[in-house]
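Student: Sending over a structure as structure tokens; questions will come in a sec.
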Amino acid sequence: MNNELLNILSQVKDADQRKLLDYLENKLSPEERHEVERLLIDSDFENDAAEGLEQVTEKHDLPVVISQLNKRLIKKLHGRRKKLLKKKPPELMIPVVTTIIILLLVLMFYILLREHL
């Protein structure tokens with residue numbers, strides 16, 4: 001699985017990630033803050049991520065929190081993928097078995113007809 005897809009802030013370029021972290025840590029000028037807020041308005045996902053990260057009380061821990069979120073997300077997605085790959089759809093078994101039985105019956109009927117002729 002592509003790790004880029006699993007990164008919680010993958011929609012944002014590296015420079016933009018840094019700018020977002022600086023925004024959350026109140027390290028930006030008012031103009032830069034306005035620019036980041038304008039970008040957040042355009043993206044619901046990034047806006048939700050920023051709102052969630054704003055709830056972190058220790059702002060200097062944000063990179064660690066983001067890293068932990070990414071690790072949890074990767075673990076959860078890999079677990080779901082394994083579960084989906086292991087799971088055989090039961091609704092597929094009935095048509096397959098039915099098709100095999102019908103083919104065997106047709107073959108037997110063909111052999112019986114051929115012997116009688």
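Residues in the structure tokens are numbered from 1 in each chain, the chains being A, B, ... in the order shown, and ligands are numbered from 1 in the order shown.
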Please list as an mmCIF file with C-alpha atoms, in the first residue's frame every residue within 9 Å of A:Asn26, counting only C-alpha atoms and excluding residues in the same chain fewer than 5 positions away.
Tutor:
data_model
loop_
_atom_site.group_PDB
_atom_site.id
_atom_site.type_symbol
_atom_site.label_atom_id
_atom_site.label_comp_id
_atom_site.auth_asym_id
_atom_site.auth_seq_id
_atom_site.Cartn_x
_atom_site.Cartn_y
_atom_site.Cartn_z
ATOM 1 C CA LEU A 21 2.190 23.262 12.055
ATOM 2 C CA ARG A 33 -2.246 33.030 9.187
ATOM 3 C CA LYS A 59 1.687 22.671 20.726
#
Student: Taking only C-alpha atoms into account, which of A:Glu54, A:Glu31, A:Glu115, A:Asp44 comes nearest A:Ile66?
Tutor: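 Looking only at the distances to A:Ile66, the closest residue turns out to be A:Glu54.
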Student: Pick from A:Leu69, A:Ile101, A:Val106, A:Leu117: nearest to A:Gly52, with only C-alpha atoms counted?
Tutor: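 Going through A:Leu69, A:Ile101, A:Val106, A:Leu117 one by one, the smallest distance to A:Gly52 is for A:Leu69.
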Student: Quote the spacing between atom CA of A:Val65 and atom CA of A:Lys83 in Å to one decimal place.
Tutor: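 According to the coordinates, atom CA of A:Val65 and atom CA of A:Lys83 are separated by 26.9 Å.
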Student: Report the distance between atom CA of A:Glu25 and atom CA of A:Asn47 in Å, rounded to one decimal place.
Tutor: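 Straight-line distance from atom CA of A:Glu25 to atom CA of A:Asn47 works out to 15.6 Å.
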Student: Under the rule that only C-alpha atoms are counted, which of A:Asp48, A:Leu112, A:Lys19, A:Ser67 is the nearest residue to A:His34?
Tutor: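 Checking each of A:Asp48, A:Leu112, A:Lys19, A:Ser67 against A:His34, counting only C-alpha atoms, the winner is A:Lys19.
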Student: Could you tell me which of A:Val36, A:Thr99, A:Leu104, A:Leu24 comes closest to A:Asp61 if we count only C-alpha atoms?
Tutor: A:Leu24
